[in-house]
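Q: My questions will all concern the structure given below.
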Amino acid sequence: MLIDCPHCGPRDLAEFSYQGDATRTRPDLASTDTKAWLDYVYHRPNPAGRHREFWQHAGGCRAHLVVERDTLTHEIFTVSFARKTSGGDAA
Amino acid sequence: MSPRRSTSGGLIDRTRTVRFTFDGENLSGHAGDTLASALLANGVSLMGRSFKYHRPRGVFSAGVDEPNALVTLLRGGVREPNIPATQIEIYDGLRAESQNRFPSLAWDLGAVNQLGGRLIGAGFYYKTFMGPVIGPLKGTRFWMMCEHFIRRAAGLGRADYEADPSRYERVNAFCDVLVVGGGIAGLMAAEAAAKAGKRVILAEQEPVTGGFARWSGETNEGKQAHEWASNLTARLASLDNVRLLTRTAVWGYYDGNTLAALERVHDHVARTPKGHPRQRHWTIRATDVVLATGALERPIVFPGNDRPGVMLAGAARRYAAEFGILPGNRTIFFTNNDSAYEAAATIKRAGGHVAAIVDVRARISSAASELATAAGVSPLTGHAIVGTKCGKTLSRVFVQAYDAASGTLSGDARPLECDSLAVSGGWQPVLHLASQAGAKPVWDEEKQAFLPPEPTQRWAGAGAFLGTFGTVDALGSGRDAGLKCAGKRPSRGKLPEIAPEPLDLTPAPVLEIRGKGKAFVDFQHDVIADDVRLAHREGFVSVEHLKRYTTLGMATDQGKTSNVPGLAIMAAARGITIPEAGTTRFRPPYSPVAIGAMAAERYGDLKPERYTPIHDWHVDHGAEMTPAGLWHRPLVYAAAGETVEQAYIREAAAVRRSVGIVDVSTLGKIAVKGPDAATFLDRVYTNTFSTLKVGKARYGLMLREDGIAFDDGTTWRLGETDFLMTTTTANAGAVMQHLEYCLDILWPELKVHLTSVTDQWAGAAIAGPKARAVLERCVTGTRVDNETLPFMGIVHGEIEGAPVMICRLSFSGELAYEVYCAAGYGTLIWEALMEAGEPFDITPYGMEALGALRIEKGHVTGAEIDGRTTARDLYLDWMLSKKKPFIGSGLMDRPALIDKNRLRLVGVISLDGQKLGGGAHLVERGTPDEPGESIGHVTAFCYSPALQKYIGLALVRGGKARHGTRAYLSDPLRKRFGQVEIVSHHLFDPDGERMHG
Ligand SMILES: [Zn+2]
């Protein structure tokens, strides 16, 4: 798999760390809703097909990216910074 | 001359003799021989014993598809098992052994498995693993009993216990066009793409390119085909934009047109030259790929089809044409297609005798008839072979009239004398890589073969891969594939002229002749046709179930010869067509790859190592170094004659008595800066940092989102918006990544910047009652008294003119300081501290003493923060702030995480004066042989110089509630059983008077 890092360009999978499902929403920091926390921490849809994931360019610029890809074919549709301000700051 | 070698012909170098041994016997061959061809030349037809039944087996193929002739190579004292003899180039001094036989190849005790007949039938392993559901042999116990015997009898070669001394390397490569396969089609594709200016890599698994041209006997443009191929290869090699890789098998096709290949760089010579790798692992990214992987011949399944002396017709042809070897004195051919006729004519030309050609078809083409005439026989059409007879070698076969349309036999079986039988069941394109790339092969009823579908990635097929057999098609489709990859249209240009005209290789749809006796489908895994039908009867009808139930196609050859016949038999049993029965998806690797080649430089001498800035000093002063992750840290500084235990006891005692010094440069260090730094730390730590005063440090604990403890360390507030976080050595990377995740994804609004500064700082901890006195003697620019530098205080000063930052904190429980300086000053500062400590007999100490000191104090490390414990389990509840949320606070109070019976931290004291053991279980009652139920386990242990006892930390059910009770340490691995007392984990100086003093 080649991930096209918006900072660094297309790089090999070996440079990236998988950082989890990007479709989850973390409960508010102060939330005491246990069910919401359990959903966030443990429940994963694990779709066969199009999916959004976090990948960190750990062996490069270290930015976290949102990678939209097909889990069956590994085809990558979009890659963007997880932290929207990150690109702006760097530029 | 040797019995089987023809007097002339072939591509071997008859002027060069190569000597080797097989099962200890001295033999010789010629340069250019494979081990298989050289053994055949020496009259060796028995090359191995089969996997399950230990049936005698000879070589069956001439290439990568070999299922039978697997041998063990002995190189420089190392055994490498399961290498096909057809893939081994012989060299002087080569030593090979046959496998799966006991005590010898010719006389094998395991062959009695054959008498047991159905004892090891299909599903044997499956059923045994599951075990009977009821009765005395219920469950896995029966399996465990059998396992010992099965392991000896079944299995292939034995692996070695020694470390592999070979060097391997990994290479990444990029190209516009990767051509897989160096036959005619591949060479043409490479030339066309290269001429269009593309960067081309051509990979060929054999030592020499040319493929079929090497034994076809054809002429291309009036030249011998193999010469024509080698001329074209030479032209390609001279081009700057072409890289030729021979002995290189492309074994994996992954997404993004990434392919994996293994180059056998020096397997064909006795000794790998110094500094060279034995094998090289290639990761190749190609814009376009040409699959010119050719086709493999299929066997026909009939009773006794596995005897030594039975081989594929194409293999017999190749041995004759390329190696000058005759398959036997009297050869019979058995076929469902025309290609065997070419093989028969080749054998005859090479000086062999063709005794018969048995063809299941009632009628044959005129081209086939002419070839039969050239071979000196009139073909026995409408017949099939229904059995074989074998003494030491094949002695006869039995033929019977056969109707291909109905699949019925008629009349009597009659014997035909022969000593070799060459079989052809038609040809199957090698679709493995295309299948790996995601494409599903398509069955072609007319050609009776699976053909490549539309590509799912950027590849183009060429040659026999497409199911179009013959050199003319290979030339044209190869050139077009190369042009296509170069973005050009197919060419109408003239192609080299080929003679003679290629045959139509369409076979009759016959892949099995049913009769009495074992008819083998998968030779390597000993799967017979009846096993496939048994699987069908027992309901394992889907291809994937069939594979797992019978192990068909799951041997090291990955069913290269067995796949299609196996499917055909299942389809017939179910009364459906082959495509309805399905095809299995091929998985990498196409051919076996040594694990060493994948690990390459990540293993052994070439793996990265981390040294602290003070490393050399430690080594020069007698430290025994020990790995801690990638780091090297001093274990002990043993004096002459001291054991490790004596040394750490001396070192730890010196810390408690006077003063010691330890290198803490390996601790993870992260600079956390920015206006929101304090807020950020409040969220990631369980305790509060926003209230920390500048110039002070605080011990902090992090949890994971699920409420389990993650890491601990001290964080120092150097300025209002400037913190230095320390982490455990082991978790430095994980903590950094966790913090980055939090900032990038959870709280992007926080203005915080993180920098890993682990390598920028060197650190030394000075611990012991005299620690302050040592600092007073060398630190300038600041006072270090209790008022200026209280517990958890930070000061800045200088030692020997170099700036230092000193924090008073303690891991040992003594009065202690951590002194940090820029990494480059590490040794300077260390030596200055040593000198200042001289009057107090300052003692450098290593990991063992560090461990003993922290165990005495009950301080936790990764042994206790083990990914299962909570803050409460470790009695760190006081660190869980109730005033603010933090990572993990949402789930840390789940019922299961606050259960009273969780494993919680305690101290243990050995009552019998013997050592404890890490990982040993604690039980309430029992005997050494029958220990009772575990109530927990020891996480760390040492001899405590302060308490003069063997002590440890443990996680036990109920924790504190057990203080003052007794239990037994049960450690069967170390044959240790003894009584212990469970106490508070604060084993020494529980009130912390020493470090506050
Ligand atoms: Zn990047």
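Letters A, B, ... mark the chains of the structure tokens in the order given; residue numbers begin at 1 per chain; ligand numbers begin at 1, in order shown.
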Residues of chain A were defined as contacting chain B if any atom lay at most 7 Å from it, counting only C-alpha atoms; please report them as an MDAnalysis selection string.
A: chainID A and resid 1:2 29:32 34 37 41 64 74 82:83
Q: Store the residues picked out above, limited to N, CA and C atoms, as a CSV table (one decimal), in the first residue's frame.
A:
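Below is the file that was written, result_38.csv:
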```csv
chain,number,residue,atom,x,y,z
A,1,MET,N,0.8,-1.2,0.0
A,1,MET,CA,0.0,0.0,0.0
A,1,MET,C,0.9,1.2,0.0
A,2,LEU,N,0.5,2.2,-0.8
A,2,LEU,CA,1.2,3.5,-0.9
A,2,LEU,C,0.3,4.5,-0.3
A,29,LEU,N,-15.0,15.0,26.8
A,29,LEU,CA,-14.0,14.6,27.8
A,29,LEU,C,-14.6,14.3,29.2
A,30,ALA,N,-15.6,15.1,29.6
A,30,ALA,CA,-16.1,15.0,30.9
A,30,ALA,C,-17.3,14.1,30.9
A,31,SER,N,-17.6,13.4,29.8
A,31,SER,CA,-18.8,12.6,29.8
A,31,SER,C,-18.7,11.4,30.8
A,32,THR,N,-19.8,11.1,31.4
A,32,THR,CA,-19.8,9.9,32.3
A,32,THR,C,-20.7,8.8,31.8
A,34,THR,N,-21.2,5.7,30.4
A,34,THR,CA,-20.3,4.5,30.2
A,34,THR,C,-20.6,3.9,28.9
A,37,TRP,N,-18.7,5.6,26.2
A,37,TRP,CA,-17.3,5.2,26.3
A,37,TRP,C,-17.0,3.8,25.8
A,41,VAL,N,-14.6,2.9,22.7
A,41,VAL,CA,-13.3,2.2,22.9
A,41,VAL,C,-13.4,0.8,22.3
A,64,HIS,N,-0.8,12.8,11.8
A,64,HIS,CA,-1.9,11.8,11.7
A,64,HIS,C,-2.7,12.2,10.4
A,74,HIS,N,-7.6,-2.5,-0.9
A,74,HIS,CA,-6.5,-1.6,-0.4
A,74,HIS,C,-6.4,-0.3,-1.3
A,82,ALA,N,-5.4,14.7,9.7
A,82,ALA,CA,-6.4,14.6,10.7
A,82,ALA,C,-6.7,15.9,11.4
A,83,ARG,N,-5.6,16.6,11.6
A,83,ARG,CA,-5.6,17.9,12.3
A,83,ARG,C,-5.7,19.0,11.2
```
Q: Give the residues close to ligand 1, within 8 Å, counting only C-alpha atoms and all ligand atoms; write them as a list in words.
A: Cys5, Pro6, His7, Cys8, Gly9, His57, Ala58, Gly59, Gly60, Cys61, Arg62 and Ala63 of chain A
Q: Would you mind exporting the chosen residues as a PDB file, in the first residue's frame, restricted to C-alpha atoms?
A:
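Result file is result_4.pdb:
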```pdb
ATOM      1  CA  CYS A   5       1.135  11.914   2.674  1.00  0.00           C
ATOM      2  CA  PRO A   6       0.117  15.539   2.059  1.00  0.00           C
ATOM      3  CA  HIS A   7       3.468  16.634   3.542  1.00  0.00           C
ATOM      4  CA  CYS A   8       5.847  14.055   2.172  1.00  0.00           C
ATOM      5  CA  GLY A   9       4.294  12.570  -0.958  1.00  0.00           C
ATOM      6  CA  HIS A  57       3.275   8.924   9.229  1.00  0.00           C
ATOM      7  CA  ALA A  58       5.455   7.676  12.080  1.00  0.00           C
ATOM      8  CA  GLY A  59       8.536   7.156   9.918  1.00  0.00           C
ATOM      9  CA  GLY A  60       8.160  10.587   8.298  1.00  0.00           C
ATOM     10  CA  CYS A  61       6.536  13.866   9.314  1.00  0.00           C
ATOM     11  CA  ARG A  62       4.590  12.151  12.143  1.00  0.00           C
ATOM     12  CA  ALA A  63       1.314  13.776  11.146  1.00  0.00           C
TER      13      ALA A  63
END
```
Q: Mind checking which residues fall within 12 Å of Leu874 in chain B, counting only C-alpha atoms, ignoring those fewer than 5 positions away in the same chain, and posting them as a ChimeraX atom specification?
A: /B:701,708-709,712,858-866,868-869,879-880,898,902-907,953-956,958-960,984-986
Q: Please provide the set of residues having any atom within 8 Å of Arg854 in chain B, restricted to only C-alpha atoms, with same-chain residues fewer than 6 positions apart removed, written as a ChimeraX atom specification.
A: /B:811-813,860
Q: Write the residues you've just listed into a file as a compact mmCIF listing (two decimals), in the first residue's frame, and include all heavy atoms for each of them.
A:
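Produced file part.txt, reproduced below:
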```txt
# COMPACT_ATOMS: atom_id res chain seq x y z
N PHE B 811 13.97 7.17 42.85
CA PHE B 811 13.39 5.89 42.44
C PHE B 811 13.84 4.83 43.46
O PHE B 811 13.19 3.83 43.66
CB PHE B 811 13.91 5.55 41.05
CG PHE B 811 13.20 4.41 40.38
CD1 PHE B 811 11.81 4.38 40.27
CD2 PHE B 811 13.92 3.35 39.83
CE1 PHE B 811 11.17 3.32 39.64
CE2 PHE B 811 13.28 2.30 39.20
CZ PHE B 811 11.90 2.28 39.11
N SER B 812 14.99 5.11 44.09
CA SER B 812 15.61 4.15 44.99
C SER B 812 15.09 4.30 46.41
O SER B 812 15.32 3.45 47.25
CB SER B 812 17.12 4.37 44.99
OG SER B 812 17.39 5.72 45.39
N GLY B 813 14.41 5.42 46.69
CA GLY B 813 13.96 5.67 48.04
C GLY B 813 15.01 6.37 48.89
O GLY B 813 14.77 6.67 50.06
N VAL B 860 6.68 0.67 41.02
CA VAL B 860 6.30 -0.20 39.90
C VAL B 860 7.06 0.15 38.62
O VAL B 860 7.51 1.29 38.44
CB VAL B 860 4.78 -0.13 39.63
CG1 VAL B 860 4.00 -0.70 40.81
CG2 VAL B 860 4.34 1.30 39.33
```
Q: Using DSSP secondary structure from the backbone, list all alpha helix (DSSP H) positions within range 375-449 of chain B, as a PyMOL selection string.
A: chain B and resi 375+432-436
Q: Rounded to one decimal in Å, what is the spacing between CA of Gly467 in chain B and CA of Ala185 in chain B?
A: 12.5 Å
Q: Got a sec: who's within 9 Å of range 760-774 of chain B, counting only C-alpha atoms, leaving out chain neighbours fewer than 3 positions off, as an NGL selection string?
A: :B and (612-614 or 654-667 or 669 or 756-757 or 777-779 or 784-785 or 809-827 or 829-830 or 833-840 or 842 or 994-995 or 997)
Q: Tell me, which residues of chain A carry DSSP strand (DSSP E), written as a PyMOL selection string?
A: chain A and resi 2-5+9-12+17-21+50-56+64-70+76-81
Q: I'd like to know which of A:Pro45, A:Thr73, A:Lys35, A:Val67 is closest to Gln19 in chain A, using only C-alpha atoms.
A: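 The closest residue to Gln19 in chain A is A:Val67.
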Q: Go ahead and compute the interatomic distance for CA of Tyr648 in chain B and CA of Asp616 in chain B, in Å to one decimal.
A: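 Result for CA of Tyr648 in chain B versus CA of Asp616 in chain B: 20.3 Å, one decimal.
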Q: Taking 6 positions as the minimum chain separation for residues in the same chain, which residues sit within 9 Å of Arg79 in chain B when counting only C-alpha atoms? Answer as a compact mmCIF listing (two decimals) with C-alpha atoms, in the first residue's frame.
A:
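selection-v4.txt, written as the output of this step:
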```txt
# COMPACT_ATOMS: atom_id res chain seq x y z
CA THR B 72 17.90 -31.43 2.58
CA LEU B 73 21.01 -29.44 1.72
CA ARG B 158 13.98 -31.64 9.64
CA ALA B 159 14.86 -28.04 10.36
CA ASP B 160 18.11 -27.23 12.09
CA TYR B 161 18.52 -26.23 15.71
CA GLU B 162 21.53 -24.07 14.87
CA ASP B 164 21.40 -19.72 10.28
```
Q: When you look at Asp39 in chain A with a cut-off of 10 Å (counting only C-alpha atoms), what residues show up, excluding the ones that are within fewer than 4 positions of it in the same chain? I need them as a list in words.
A: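 In the requested format, the answer is Arg24, Thr25, Arg26, Pro27, Thr34, Lys35, His43 and Arg44 of chain A.
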Q: Export, as an mmCIF file, in the first residue's frame, the selected residues with N, CA, C and O atoms.
A:
```
data_model
loop_
_atom_site.group_PDB
_atom_site.id
_atom_site.type_symbol
_atom_site.label_atom_id
_atom_site.label_comp_id
_atom_site.auth_asym_id
_atom_site.auth_seq_id
_atom_site.Cartn_x
_atom_site.Cartn_y
_atom_site.Cartn_z
ATOM 1 N N ARG A 24 -15.207 6.829 14.420
ATOM 2 C CA ARG A 24 -15.723 6.888 15.800
ATOM 3 C C ARG A 24 -15.790 8.344 16.270
ATOM 4 O O ARG A 24 -15.013 9.176 15.829
ATOM 5 N N THR A 25 -16.683 8.604 17.217
ATOM 6 C CA THR A 25 -16.671 9.921 17.854
ATOM 7 C C THR A 25 -16.409 9.709 19.327
ATOM 8 O O THR A 25 -17.073 8.914 19.986
ATOM 9 N N ARG A 26 -15.412 10.427 19.807
ATOM 10 C CA ARG A 26 -15.074 10.294 21.222
ATOM 11 C C ARG A 26 -16.089 11.095 22.032
ATOM 12 O O ARG A 26 -16.402 12.228 21.684
ATOM 13 N N PRO A 27 -16.602 10.484 23.123
ATOM 14 C CA PRO A 27 -17.513 11.250 23.972
ATOM 15 C C PRO A 27 -16.792 12.493 24.492
ATOM 16 O O PRO A 27 -15.561 12.541 24.523
ATOM 17 N N THR A 34 -21.168 5.718 30.412
ATOM 18 C CA THR A 34 -20.321 4.526 30.229
ATOM 19 C C THR A 34 -20.568 3.856 28.886
ATOM 20 O O THR A 34 -19.645 3.395 28.229
ATOM 21 N N LYS A 35 -21.847 3.819 28.504
ATOM 22 C CA LYS A 35 -22.145 3.146 27.242
ATOM 23 C C LYS A 35 -21.467 3.851 26.069
ATOM 24 O O LYS A 35 -20.917 3.204 25.184
ATOM 25 N N HIS A 43 -16.318 -0.805 20.287
ATOM 26 C CA HIS A 43 -17.163 -1.244 19.169
ATOM 27 C C HIS A 43 -16.651 -0.732 17.827
ATOM 28 O O HIS A 43 -16.460 0.456 17.643
ATOM 29 N N ARG A 44 -16.409 -1.688 16.914
ATOM 30 C CA ARG A 44 -15.896 -1.346 15.588
ATOM 31 C C ARG A 44 -16.788 -1.974 14.528
ATOM 32 O O ARG A 44 -17.113 -3.150 14.641
#
```
Q: Give the answer as one residue: which of A:Asp70, A:Ala48, A:Gln56, A:Thr23 has the shortest atom-to-atom distance to Arg11 in chain A, using only C-alpha atoms?
A: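 Result for the nearest residue to Arg11 in chain A: A:Gln56.
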